[in-house]
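Novice: The structure follows.
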Amino acid sequence: MKRARGTSQKSISKNQGLYLPETEFDSCGVGFVANIKGLKSFKIVSDAITMLENMEHRGATGYESNTGDGAGIQIQLPHELLFDEALKYGIDIAEPGQYGVGMLFFPQNNFIRQECKEIIEQSAEKLGLKILGYRPVPVSNIDLGDLAKSVEPVMEMLFVERPFDIETDKDFERRLFVFKNYISHQITSVTSNDPIGFYVASFSCKKLIYKGQLRSVQIRNYFKDLSDPRLRSAFGMVHSRFATNTNPTWSLAQPFRFLAHNGEINTIGGNLNWLKSSEKTFESSNFTAQEMDMILPITKPGQSDSSYLDNMVELLYHSGRSLPHTMMMLIPEAWDGHKQMEDYKKDFYEFHACMMEPWDGPASISFTDGEIIGATLDRNGLRPSRYCVTSDDRVIMASESGALPVDPQKVIKRGRLQPGKMFLVDMKKGEIISDEALKKEICTSRPYRDWLDKMKININELPSPKIRFNKLQSEDIFKYQKAFGYSREDLDVVIKEMAEQGKEPIGSMGFDAPLAVLSEKPQHLSSYFKQLFAQVTNPPIDPIREKLVMSLTTILGGSGNLLEEDKNFAHSIKLDDPILNNEQLEKLRSVDTGKFQSKTIYTYFKTDEKEGTLRKAIDRICRYAIDAVDDGFEVIVLSDRSLDSGHAAIPSLLACSAVHHHLIRKGVRRKIGIVMEVGDVWEVHHFAALLGFGATAINPYLALASIREMFHKNEFGSEIELEKLKNNYRKAVGDGLLKIFSKMGISTLQSYHGAQIFEIIGLNKAVVNTCFTGAISRIDGIGFDEIAKEALTKHFNAFGRKLPQQILEPGGIYQWKPDNEYHQFNPQSVHLLQQATWNDRYDIFKKYSRTVNQLSEKASLLRGLMDFKNDRQSISIDEVEPVENILKRFATGAMSFGSISYEAHSTLAIAMNRIGAKSNTGEGGEDEKRYVLDENGNNLRSAIKQVASGRFGVTARYLAEAEELQIKMAQGAKPGEGGQLPGFKVDEWIGKTRHSTPGVGLISPPPHHDIYSIEDLAQLIFDLKNANRHARISVKLVSKAGVGTIASGVAKAKADHILISGYDGGTGASPLSSTRHTGLPWELGLAETQQTLIKNKLRHRVTLQVDGQVKTGRDIVIATLLGAEEWGISTSALIVEGCILMRKCHLNTCPVGIATQNEELRKKFKGKPEHLVSYFTFLAMEVREIMASLGFKTIDEMVGQSQCLTTKKNVSFWKHKQIDLSPIFFKSETDLPIIKSEDQDHGISDSLSWKMLEASQNAINENQTIEAEFNIKNTDRTIGTILSHEVTKKYGSEGMSKDSLKFKFKGTAGQSFGAFCNKGITMILEGDANDYFGKGLSGANLVVFPNKESVIKAHQNSIIGNVALYGATSGKIFVCGMAGERFAVRNSGAMAVVEGVGDHGCEYMTGGTVLILGGVGRNFGAGMSGGIAYVWDVERSLETNFNPDMADLEEITEKDKSIIKDLINEHLEMTKSELASYLLSDFENNLKHIIKVYPRDYKMAMENKINELK
Amino acid sequence: MGKTDGFLLYNRELPKKFPVEERIRNYKEFYVPIAEDYLHKQSSRCMDCGVPFCQSGCPLGNMIPEFNEAVYKEQWEKAYELLISTNNFPEFTGRICPAPCESACVLGINNLPVAIEEVEKNIIEIAFEKGFAKPIIPQTRTGKKVAVVGSGPAGLASAYQLNQMGHSVVVFERDPEIGGLLRFGIPDFKLDKKIIERRVEWMKQEGIEFKTNVNVGVNYSVEDLDRNFDAVVLALGSTVPRDLMIPNRDAKGVHFAMDFLSQSNKKVSGIPFSEKDINAKGKKVVVIGGGDTGADCIGTSNRQGAEIIYQIYYKPIQPTERDETMPWPTMPMTLHITSSHEEGCERKWSVNSKEFVKDENGNLIGLRLVEAEWTKDADGQWNLYTEKPNSEFVIDCDLAFIALGYTHVEHKGLVEDLDITLDPKGNLIGNDKEFKTNKAKYFSCGDARKGQSLVVWAIAEGRKCANKVDEFLSVDK
């Protein structure tokens, strides 16, 4: 959950510097215990709290260990208790249902409290409610931390009587809802200056919520009621929170009134805009107009995304929809393009899609209205939700299995919630209702199909347009291209590639041209917008391999009053994607169904170059748009085609967003669709910006015309047809858009639409507030007149007084071009750096750094606009700490062996080891020969071992050989995206190092499949600390708005070290638009991180490192002053090795032997460790010089002294004058150290693994065998890993012989059972296990089967959690039962037997053997490039669920048969599986149902190998 | 990029030359026509670098990777458009440029560079041949008049650009033919004069007026110039040769190289000349100075039938490959073996001229030389010179050409008449950004401003200067 846009005044006033409250996130543990028959008991409540306590590790604490992030419980009204207790205050509530109870949080200030109560009194009167009285909630805050106490509210229960005229409970609930909103709105004015404020946790005649800024384990003691046996309820719904911030906020604890949410709504910004834009149209038969007035607005600023979602649910529920119906509307399944989904369901979703956009993002939600209780999972299913049903009518649902210990004999079902599915307990009816039955009932309750058939229009069915624009003629195209700022590069590199290949262009190395606001070249407006991306708190999606959840469908027109089910909602036009060709546009322009009509508005401004002209033009189009709405048009076309010498086009993004926000402000945006007919849109980022700021559909007429023009000029060769080229282009845009959505973890265009997922750099407040209302913007810059100036510069190129150029401008963004866009790495700077370091010449180095720092003439980086401000005495350089000390703080970046050559990689390692600094493996593993010194005594081992999403070569040994383990959450050049190593780069050596097959391409998924949230990251940190407790754990983040709050969360997740990467860092291959348009410079991210960590009192627990185009001593000093203690350098280190920025790393043709595996080219590598040593020494020398002038003796002393920086004065370039960098220099007050000075408590000291180690110490020392037994529970996490580390230290990757160390466990294992366990370890679990079972398995054997006393049928029950065997490299597992989603993802060598798997099984697998004796979920084998899966497919699940993109289904061979038989035999032996013995009983017959899943490239590589052997 | 691995598949090749015996019999360009797939292969070697050092090597900033790709794909028209967008006269630079682009080519780090110059020459020739290179006649005229004084490459480039911008341009040339150094300094075997004529013809069609045999300040008054034009570009060249002031400089048979070369050019073109004939036929020739002009003297002397030719160098012999003192991508000072050298001459390094020897009639009969010893300074440059004791010797010669470069623009005449301020080196003042002289509406460019340099620099200067003139004229509307 995260806080959303539009914070309250209170938080804004606190907001100096870069910290933004709306970027706070949290994630959590969630669950409920319920009695199916609705029998109330104290035990249910007590059990629920026990469950909460057992998920303590999912919550977090901040600086104070006794201030939690929030925990709470929702129960039914405990009438017995309340009756007795209320009586003590003279309140008589004889009959259940005849009164409502509000749980109110008041300020501590008595006077204000009294004022609140007066307002409550008056409001109740107005609504005809009688107040019975208040009961103070008995609490004990002895255990509470100071931070929590400082804003602890006074809690009171308010009792109101049910008016006699209200007949049903529902109506009473509605009245209470109106009352709650009404008093909340009014009281805001009274409490605006109070730090606590007023809040209604719950107000209902059925339910009650106890919650606060507590740790899970504190809640029972804090609320005395919760220990009172009179407190009885049929359910308890609980939640524990892990927030990135430590700002105490009692009201943000969960559950909320209807739900408890684990996850995050990524699209919240857009959702709130859409809500705001339709509130005025709300009408409901359940509320009078006056009541509606009291209810609105639905939301208030400063809440969290989860609470906004709750507000929305509340409204939709009370206006008449059932709770499950409401949830289905807000968080729909992936229905679009789902071939197996029942039609009635699709109809339901399609109809509701006309009405509103999904609230998209990872979500595991438990919900209740007091009579039903249920849970649902979003379409991606990224949050674990396990349940069990017992024979005594209980249902236990939680983020983890085993959180509430249950007698195994009573368990009759163990299951998990699947993506998009719902689970419901109707306590009134006393039954569990299946997803299928529930949804069928809801979906067929109205004739949705009829409505759609009658009202909905598909664009393809519209008649051909009556009138058509003449298509642009050749000379016009050229003119328009100039007027809109197309360069040759845009045509040749971007548009042409998209048309030809149907893909976005790829490039490599980082981005070293200026930010838009710093550039002296006229910019495209969207270049001021940086795409946001998901990082840690929610996962990005893989839009290629997991396409099934993605959708580009868009709907024009139709929307109105959300609160009623009205067939008119379906009156709309459906588009399969938002990119219109010219014919489709003309169809829309001429559509006329009587009701449905469109209006074209021309978006031009006069070229008079006067102040205010552009602003006037914008006001004009906004006025016209409102007129169009008033006149009843359903579609506006904003067109920029009317250009001439006197009129220039308003940048389309500005026009679009201005109109969009104007319509929102007027409350009519939902009434109309905005179609853009635009010339200045050609690359994917341009499309994304338009859609993100309100465009419904886009016709890029000039890009399409440019393709036609190039076609006629024979640019494409003769093979390809024009239509194909245009389609390719549209496909590339569509795929590119999906990629951009997926970076943020958003699946559908509908929810991306208007969601404003960007940070603006360099537009001033007037522009942002008018046209991009609510978007993030922290660095002020140019205004309307300057935007006009940039647009006119381009316009005059086409319509100017100058004589026309015969060809377009060259460009110069993706490639250095003389006299065009500035690049920091240009012929001069590359040359100087190489000469300086190759000849060990400090004087040349100084020339280099002067050139790159550009102190005099230009500024291409934010730090170019900074100046040192000396507030202290300069000192002699002799007083400054020596070069050797400084050298230790350097690291080189994560570049994998594979992306660069062995020579380039090992040279870096040797150099860094020589100076006591650290090199980084990158994500490609490390050849074990580098763990011993080479013949010359050089140390080739990389001190930093990276753990990235692909987990290539991440073995127990690899982890053990590290001084630092770096978890790569994102990469500067393409945050939120995965990577690919093409097959031609995977030679024998790389294949071996990465545990993969030579010649077969490798995919790094966008997310780590074991990190979908912050508590998951905490778990991985814990795992790695277990795998090598001597290594510090680092988390690599990329700079973006909110990275500071994420870093706080990471610090709370116990990372020792945080790396903040700039967006401009290098890459071996990345889409060009990602490199340029995603993420922020490190100056912003680093400063924000430093400020936020200090604010949260966490700074001293972590080391901060920065990287991203760090090139000179000055860069390093600035980074240090902004908070960095260490610095990473990559691109310039490669240049020292000989790189000349070919930017062709992805082609394997590097002519200097760096980014290539071609043997001939590798011979050309000329880099030497000495050169690198020179470079780093020079940097340190330069740092010392600046330190002396600033008067710092040590780096430690200098860290974070941002007062020594200031914005450069006397800048000459007009754009630079507008920039204010002071938020970057803001220094937070603190009395704690602002460098790393305290070790994290990793909490591994009480791990069960120590007992295992104790038991096996002798056996390890003597190479003997042992056996031992332990009980296990869900809080026993990462079991066996510490032991494995000891084995690895002694025996290396060979481990011990099979079954040397054998352990038996009984119970429910926590997460990461057996993670990274080495050979020789065998762990047998009787019971069940949670997520990440066998993660990173490195040779151990794991066995799990249900408790022997259990009555369940193993193969029908989920026995292990999600993401089992992720990144395993060797070993075996036997699972007697089903596994969850994403089984064996990125397995590269382990062997597994399992009795059924969930969605996305064997995704990205590259090796190993998996035998599945049962069904598979959707998208099986996606991105599977190696290994073999056998599926016993009696359920015929492969037919529909198999993803055929990379693998084929084949019949098994004789050889397969014997493999399978051996595996089943072993499975039977290890687990006593009933299914195994059944299969063996008639093996030959059962074998017929076994299908082999064989990846295509892998098969070819295997066959080649066999042929070679022959 | 045309082909991702072209550089791995093909080697650098240059067109073959006719055998020496054949080529010294005439003054024609001497390359054998290229094979059909030659351009395809050679252009495919371009790696389309992220940082195209070639473009930074080129003073014009030619769009080298882009035109290489177009050539690879046989998009001749596109290649031509790209080429002329930065370079008005690729047919000149394609022949006589020492190609700093190739020195800076990234392939040159560990391989031989792309044959950029050859590709360039072929693009323009193909464009002429196929007919899509056409004169572009400006559609609108600004009504402003610009005079360009001097018709060397700088003057021509600025005239070309200014005309395209719509101004009316008159080019003044004191010689009987257009082209300046191109016309009279460079022998036909390197640049056939028809190439220049073809271009001049075009420029006339585009509207430029050429006035030859007009020496401003002599037979065209400075006052007229001032009155008749809104702006004037002084592209006078750097024509004052550096002399060798040693004893007996007055010996008959000692000439400045340029006097010899321009006379030869006139002979080849059949243009009458009034000066005394300098003919190397049967002579012992010594060429003092190791630059391109010196080489041109050798080539010309061989064609005239010299008996023997010496070329003497002050500095030591250069290495044949780059060493650490001339790292890539700088222009390497390696040993040049030009086509003229191939045609026969004797080269002597590390010798210093002491005196000319003349007979009693004042005729040159020899050159006294001394051997020099050079040591490197701290920067690795050959800068410390001493004479080797007792090493003097005399070589017999009856013709000596001084090819030691040029000092600056001619001061006498126009420059003095206009009272243009000079910089300390004697060049016309006019800073790099503005190209303005001290006198309003007078601009300068090319060697006259920059000092002696390459043709490619002269073109670059002319272009930039034209932009400034245009700005000046636009403000003055």
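Ordered as shown in the structure tokens, chains take letters A, B, and onward, while each chain numbers its residues from 1 and ligands are numbered from 1 in the order shown.
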Mind running chain A against chain B at 6 Å and telling me each contacting residue's nearest atom pair with the distance in Å (one decimal), counting only C-alpha atoms, chain and number ascending, as a tab-separated table?

Specialist:
residue	atom	partner	partner_atom	distance
A:Leu803	CA	B:Met165	CA	5.8
A:Gln815	CA	B:Gly50	CA	4.7
A:Trp816	CA	B:Val51	CA	5.0
A:Pro818	CA	B:Gly61	CA	5.8
A:Pro827	CA	B:Phe53	CA	5.7
A:Leu1141	CA	B:Gly50	CA	5.5
A:Met1142	CA	B:Gly50	CA	4.3
A:Arg1143	CA	B:Gly50	CA	4.9

Novice: Can you list, as a PyMOL selection string, all residues belonging to region 184-281 of chain B that DSSP tags as strand (DSSP E)?

Specialist: chain B and resi 209-211+231-234+240-241+254-256

Novice: Let's see if you can do this: from backbone DSSP, list all helix (DSSP H, G or I) residues in region 1095-1257 of chain A, as a CSV table (one decimal) with N, CA and C atoms, in the first residue's frame.

Specialist:
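Dumped to selection_26.csv:
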chain,number,residue,atom,x,y,z
A,1095,LYS,N,15.6,11.2,8.3
A,1095,LYS,CA,14.3,11.5,8.9
A,1095,LYS,C,13.7,10.3,9.6
A,1099,ARG,N,19.7,6.1,8.9
A,1099,ARG,CA,20.8,6.3,8.1
A,1099,ARG,C,22.1,5.6,8.6
A,1100,HIS,N,22.2,5.6,10.0
A,1100,HIS,CA,23.5,5.0,10.5
A,1100,HIS,C,23.5,3.5,10.5
A,1101,ARG,N,22.4,2.9,10.0
A,1101,ARG,CA,22.5,1.4,9.9
A,1101,ARG,C,22.9,0.9,8.6
A,1113,GLY,N,36.8,13.3,-9.9
A,1113,GLY,CA,36.9,13.5,-8.5
A,1113,GLY,C,35.8,14.5,-8.0
A,1114,ARG,N,35.5,15.4,-8.9
A,1114,ARG,CA,34.4,16.4,-8.5
A,1114,ARG,C,33.1,15.6,-8.3
A,1115,ASP,N,32.8,14.7,-9.2
A,1115,ASP,CA,31.6,13.9,-9.1
A,1115,ASP,C,31.6,13.2,-7.8
A,1116,ILE,N,32.7,12.7,-7.4
A,1116,ILE,CA,32.8,11.9,-6.2
A,1116,ILE,C,32.6,12.8,-5.0
A,1117,VAL,N,33.2,13.9,-5.0
A,1117,VAL,CA,33.0,14.8,-3.8
A,1117,VAL,C,31.5,15.2,-3.7
A,1118,ILE,N,30.9,15.5,-4.8
A,1118,ILE,CA,29.5,15.9,-4.8
A,1118,ILE,C,28.6,14.8,-4.2
A,1119,ALA,N,28.9,13.6,-4.7
A,1119,ALA,CA,28.2,12.4,-4.3
A,1119,ALA,C,28.4,12.2,-2.8
A,1120,THR,N,29.6,12.5,-2.3
A,1120,THR,CA,29.8,12.3,-0.9
A,1120,THR,C,29.1,13.4,-0.1
A,1121,LEU,N,29.1,14.6,-0.5
A,1121,LEU,CA,28.4,15.6,0.2
A,1121,LEU,C,26.9,15.4,0.2
A,1131,THR,N,31.4,2.7,-16.5
A,1131,THR,CA,31.6,3.1,-17.9
A,1131,THR,C,33.0,3.6,-18.1
A,1132,SER,N,33.4,4.5,-17.2
A,1132,SER,CA,34.8,5.1,-17.4
A,1132,SER,C,35.9,4.0,-17.2
A,1133,ALA,N,35.6,3.0,-16.3
A,1133,ALA,CA,36.6,2.0,-16.1
A,1133,ALA,C,36.7,1.2,-17.4
A,1134,LEU,N,35.6,1.0,-18.1
A,1134,LEU,CA,35.7,0.3,-19.4
A,1134,LEU,C,36.4,1.1,-20.4
A,1135,ILE,N,36.2,2.4,-20.4
A,1135,ILE,CA,37.0,3.2,-21.3
A,1135,ILE,C,38.5,3.1,-21.1
A,1136,VAL,N,38.8,3.0,-19.8
A,1136,VAL,CA,40.2,2.9,-19.5
A,1136,VAL,C,40.7,1.5,-20.0
A,1145,CYS,N,27.3,-3.2,-27.9
A,1145,CYS,CA,27.6,-4.4,-27.0
A,1145,CYS,C,26.7,-5.5,-27.3
A,1146,HIS,N,25.4,-5.2,-27.7
A,1146,HIS,CA,24.4,-6.2,-27.9
A,1146,HIS,C,24.6,-7.0,-29.2
A,1147,LEU,N,25.6,-6.6,-30.0
A,1147,LEU,CA,25.8,-7.3,-31.3
A,1147,LEU,C,27.0,-8.2,-31.3
A,1159,GLU,N,36.2,-15.0,-30.3
A,1159,GLU,CA,37.5,-15.2,-29.9
A,1159,GLU,C,38.5,-14.3,-30.6
A,1160,GLU,N,38.3,-14.0,-31.8
A,1160,GLU,CA,39.2,-13.2,-32.6
A,1160,GLU,C,39.2,-11.8,-32.0
A,1161,LEU,N,38.0,-11.3,-31.7
A,1161,LEU,CA,37.9,-9.9,-31.2
A,1161,LEU,C,38.4,-9.8,-29.7
A,1162,ARG,N,38.3,-10.9,-29.0
A,1162,ARG,CA,38.8,-10.9,-27.6
A,1162,ARG,C,40.3,-10.7,-27.6
A,1169,PRO,N,45.5,-4.0,-15.8
A,1169,PRO,CA,45.1,-3.6,-14.4
A,1169,PRO,C,45.8,-2.3,-14.0
A,1170,GLU,N,47.1,-2.1,-14.5
A,1170,GLU,CA,47.8,-0.9,-14.1
A,1170,GLU,C,47.1,0.4,-14.6
A,1171,HIS,N,46.5,0.3,-15.7
A,1171,HIS,CA,45.7,1.5,-16.2
A,1171,HIS,C,44.6,1.8,-15.3
A,1172,LEU,N,43.9,0.8,-14.8
A,1172,LEU,CA,42.8,1.0,-13.9
A,1172,LEU,C,43.3,1.6,-12.6
A,1173,VAL,N,44.4,1.0,-12.2
A,1173,VAL,CA,44.9,1.5,-10.9
A,1173,VAL,C,45.3,3.0,-11.0
A,1174,SER,N,45.9,3.4,-12.1
A,1174,SER,CA,46.2,4.8,-12.4
A,1174,SER,C,44.9,5.6,-12.3
A,1175,TYR,N,43.8,5.1,-13.0
A,1175,TYR,CA,42.6,5.9,-13.0
A,1175,TYR,C,42.0,6.1,-11.6
A,1176,PHE,N,41.9,5.0,-10.8
A,1176,PHE,CA,41.3,5.2,-9.5
A,1176,PHE,C,42.2,6.0,-8.6
A,1177,THR,N,43.5,5.9,-8.8
A,1177,THR,CA,44.5,6.7,-8.0
A,1177,THR,C,44.3,8.2,-8.4
A,1178,PHE,N,44.1,8.5,-9.7
A,1178,PHE,CA,43.9,9.9,-10.1
A,1178,PHE,C,42.6,10.4,-9.5
A,1179,LEU,N,41.6,9.6,-9.5
A,1179,LEU,CA,40.3,10.1,-8.9
A,1179,LEU,C,40.5,10.4,-7.4
A,1180,ALA,N,41.2,9.5,-6.7
A,1180,ALA,CA,41.4,9.7,-5.3
A,1180,ALA,C,42.3,11.0,-5.1
A,1181,MET,N,43.3,11.2,-6.0
A,1181,MET,CA,44.1,12.4,-5.8
A,1181,MET,C,43.2,13.7,-6.0
A,1182,GLU,N,42.4,13.6,-7.0
A,1182,GLU,CA,41.6,14.8,-7.3
A,1182,GLU,C,40.6,15.0,-6.1
A,1183,VAL,N,40.0,13.9,-5.6
A,1183,VAL,CA,39.2,14.0,-4.4
A,1183,VAL,C,39.9,14.7,-3.3
A,1184,ARG,N,41.1,14.3,-3.0
A,1184,ARG,CA,41.9,14.9,-1.9
A,1184,ARG,C,42.1,16.4,-2.1
A,1185,GLU,N,42.3,16.8,-3.3
A,1185,GLU,CA,42.5,18.2,-3.6
A,1185,GLU,C,41.3,19.0,-3.2
A,1186,ILE,N,40.2,18.5,-3.6
A,1186,ILE,CA,38.9,19.2,-3.3
A,1186,ILE,C,38.7,19.2,-1.8
A,1187,MET,N,38.9,18.0,-1.2
A,1187,MET,CA,38.7,17.9,0.2
A,1187,MET,C,39.6,19.0,1.0
A,1188,ALA,N,40.8,19.1,0.6
A,1188,ALA,CA,41.7,20.1,1.2
A,1188,ALA,C,41.1,21.5,1.1
A,1189,SER,N,40.6,21.8,-0.1
A,1189,SER,CA,40.0,23.1,-0.3
A,1189,SER,C,38.8,23.3,0.5
A,1190,LEU,N,38.0,22.3,0.7
A,1190,LEU,CA,36.8,22.4,1.5
A,1190,LEU,C,37.0,22.2,3.0
A,1195,ILE,N,36.9,11.3,4.5
A,1195,ILE,CA,35.7,11.1,3.8
A,1195,ILE,C,34.5,11.0,4.8
A,1196,ASP,N,34.7,10.3,5.8
A,1196,ASP,CA,33.6,10.1,6.8
A,1196,ASP,C,33.1,11.5,7.3
A,1197,GLU,N,34.0,12.4,7.4
A,1197,GLU,CA,33.7,13.7,7.9
A,1197,GLU,C,32.8,14.5,6.9
A,1198,MET,N,33.1,14.1,5.6
A,1198,MET,CA,32.5,14.9,4.5
A,1198,MET,C,31.1,14.4,4.1
A,1202,SER,N,25.8,18.5,2.9
A,1202,SER,CA,25.3,19.1,1.7
A,1202,SER,C,25.2,20.6,1.8
A,1203,GLN,N,25.4,21.2,3.0
A,1203,GLN,CA,25.5,22.6,3.0
A,1203,GLN,C,26.7,23.2,2.3
A,1204,CYS,N,27.6,22.3,1.9
A,1204,CYS,CA,28.8,22.8,1.1
A,1204,CYS,C,28.5,22.9,-0.4
A,1216,HIS,N,18.9,27.2,-18.0
A,1216,HIS,CA,19.5,26.9,-16.7
A,1216,HIS,C,19.1,27.9,-15.7
A,1217,LYS,N,18.8,29.1,-16.1
A,1217,LYS,CA,18.4,30.1,-15.1
A,1217,LYS,C,17.1,29.7,-14.3
A,1218,GLN,N,16.3,28.9,-14.9
A,1218,GLN,CA,15.0,28.6,-14.3
A,1218,GLN,C,15.2,27.5,-13.2
A,1222,SER,N,17.8,23.7,-4.7
A,1222,SER,CA,17.9,23.7,-3.3
A,1222,SER,C,17.3,22.5,-2.6
A,1223,PRO,N,16.2,21.9,-3.2
A,1223,PRO,CA,15.7,20.7,-2.5
A,1223,PRO,C,16.7,19.6,-2.3
A,1224,ILE,N,17.7,19.5,-3.3
A,1224,ILE,CA,18.7,18.5,-3.2
A,1224,ILE,C,19.7,18.8,-2.1
A,1225,PHE,N,19.9,20.0,-1.8
A,1225,PHE,CA,20.9,20.4,-0.7
A,1225,PHE,C,20.3,20.4,0.7
A,1248,LEU,N,16.9,-22.1,13.9
A,1248,LEU,CA,16.9,-23.6,14.2
A,1248,LEU,C,18.2,-24.2,13.5
A,1249,SER,N,18.6,-23.5,12.4
A,1249,SER,CA,19.8,-24.0,11.7
A,1249,SER,C,21.0,-24.2,12.6
A,1250,TRP,N,21.1,-23.4,13.6
A,1250,TRP,CA,22.3,-23.5,14.5
A,1250,TRP,C,22.2,-24.9,15.2
A,1251,LYS,N,21.0,-25.3,15.6
A,1251,LYS,CA,20.9,-26.6,16.3
A,1251,LYS,C,21.3,-27.7,15.3
A,1252,MET,N,20.9,-27.5,14.1
A,1252,MET,CA,21.3,-28.5,13.1
A,1252,MET,C,22.8,-28.5,12.9
A,1253,LEU,N,23.4,-27.4,13.0
A,1253,LEU,CA,24.9,-27.3,12.8
A,1253,LEU,C,25.6,-27.9,14.0
A,1254,GLU,N,25.0,-27.6,15.2
A,1254,GLU,CA,25.5,-28.2,16.4
A,1254,GLU,C,25.5,-29.7,16.3
A,1255,ALA,N,24.4,-30.3,15.9
A,1255,ALA,CA,24.3,-31.7,15.8
A,1255,ALA,C,25.2,-32.3,14.7
A,1256,SER,N,25.6,-31.5,13.7
A,1256,SER,CA,26.4,-32.1,12.7
A,1256,SER,C,27.9,-31.6,12.7
A,1257,GLN,N,28.2,-30.8,13.7
A,1257,GLN,CA,29.6,-30.3,13.7
A,1257,GLN,C,30.7,-31.3,13.5

Novice: One decimal, in Å: what's the spacing between CA of Phe89 (chain B) and CA of Ile186 (chain B)?

Specialist: 15.4 Å

Novice: May I have the residues within 9 Å of region 455-457 of chain B as a list of chain:residue names, using only C-alpha atoms and disregarding those fewer than 2 positions away in the same chain?

Specialist: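 Using only C-alpha atoms, the neighbours found are B:Cys58, B:Pro59, B:Leu60, B:Asn87, B:Phe92, B:Thr93, B:Ile96, B:Cys97, B:Pro98, B:Ala99, B:Gly152, B:Pro153, B:Ala154, B:Leu181, B:Leu182, B:Gly446, B:Asp447, B:Ser453, B:Ile459, B:Ala460, B:Glu461, B:Gly462.
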
Novice: Give me, as a list of chain:residue names, all polymer residues having an atom no more than 9 Å from Ile278 (chain B), counting only C-alpha atoms and skipping those fewer than 3 positions away in the same chain.

Specialist: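 My reading of the contact set: B:Gly253, B:His255, B:Asp259, B:Phe260, B:Gln263, B:Ser264, B:Glu275, B:Leu399.
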
Novice: Identify which of the residues B:Arg141, B:Lys441, B:Glu69, B:Gly108 lies closest to Glu206 (chain B), counting only C-alpha atoms when measuring atom-to-atom distances.

Specialist: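 Looking at the shortest contact to Glu206 (chain B), the residue is B:Arg141.
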
Novice: Contacts of region 989-1004 of chain A at 7 Å or less, counting only C-alpha atoms, minus same-chain residues fewer than 3 places along, as a ChimeraX atom specification?

Specialist: /A:898,924-927,949-950,952-953,978-984,986,1369,1388,1404,1406-1407,1425,1497-1498,1501

Novice: Rounded to one decimal in Å, what is the spacing between CA of Phe287 (chain A) and CA of His662 (chain A)?

Specialist: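 Separation between CA of Phe287 (chain A) and CA of His662 (chain A): 28.6 Å.
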
Novice: Could you tell me which of B:Phe30, B:Phe443, B:Tyr38, B:Trp382 comes closest to Leu14 (chain B) if we count only C-alpha atoms?

Specialist: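 So, comparing all the options, the nearest one is B:Tyr38.
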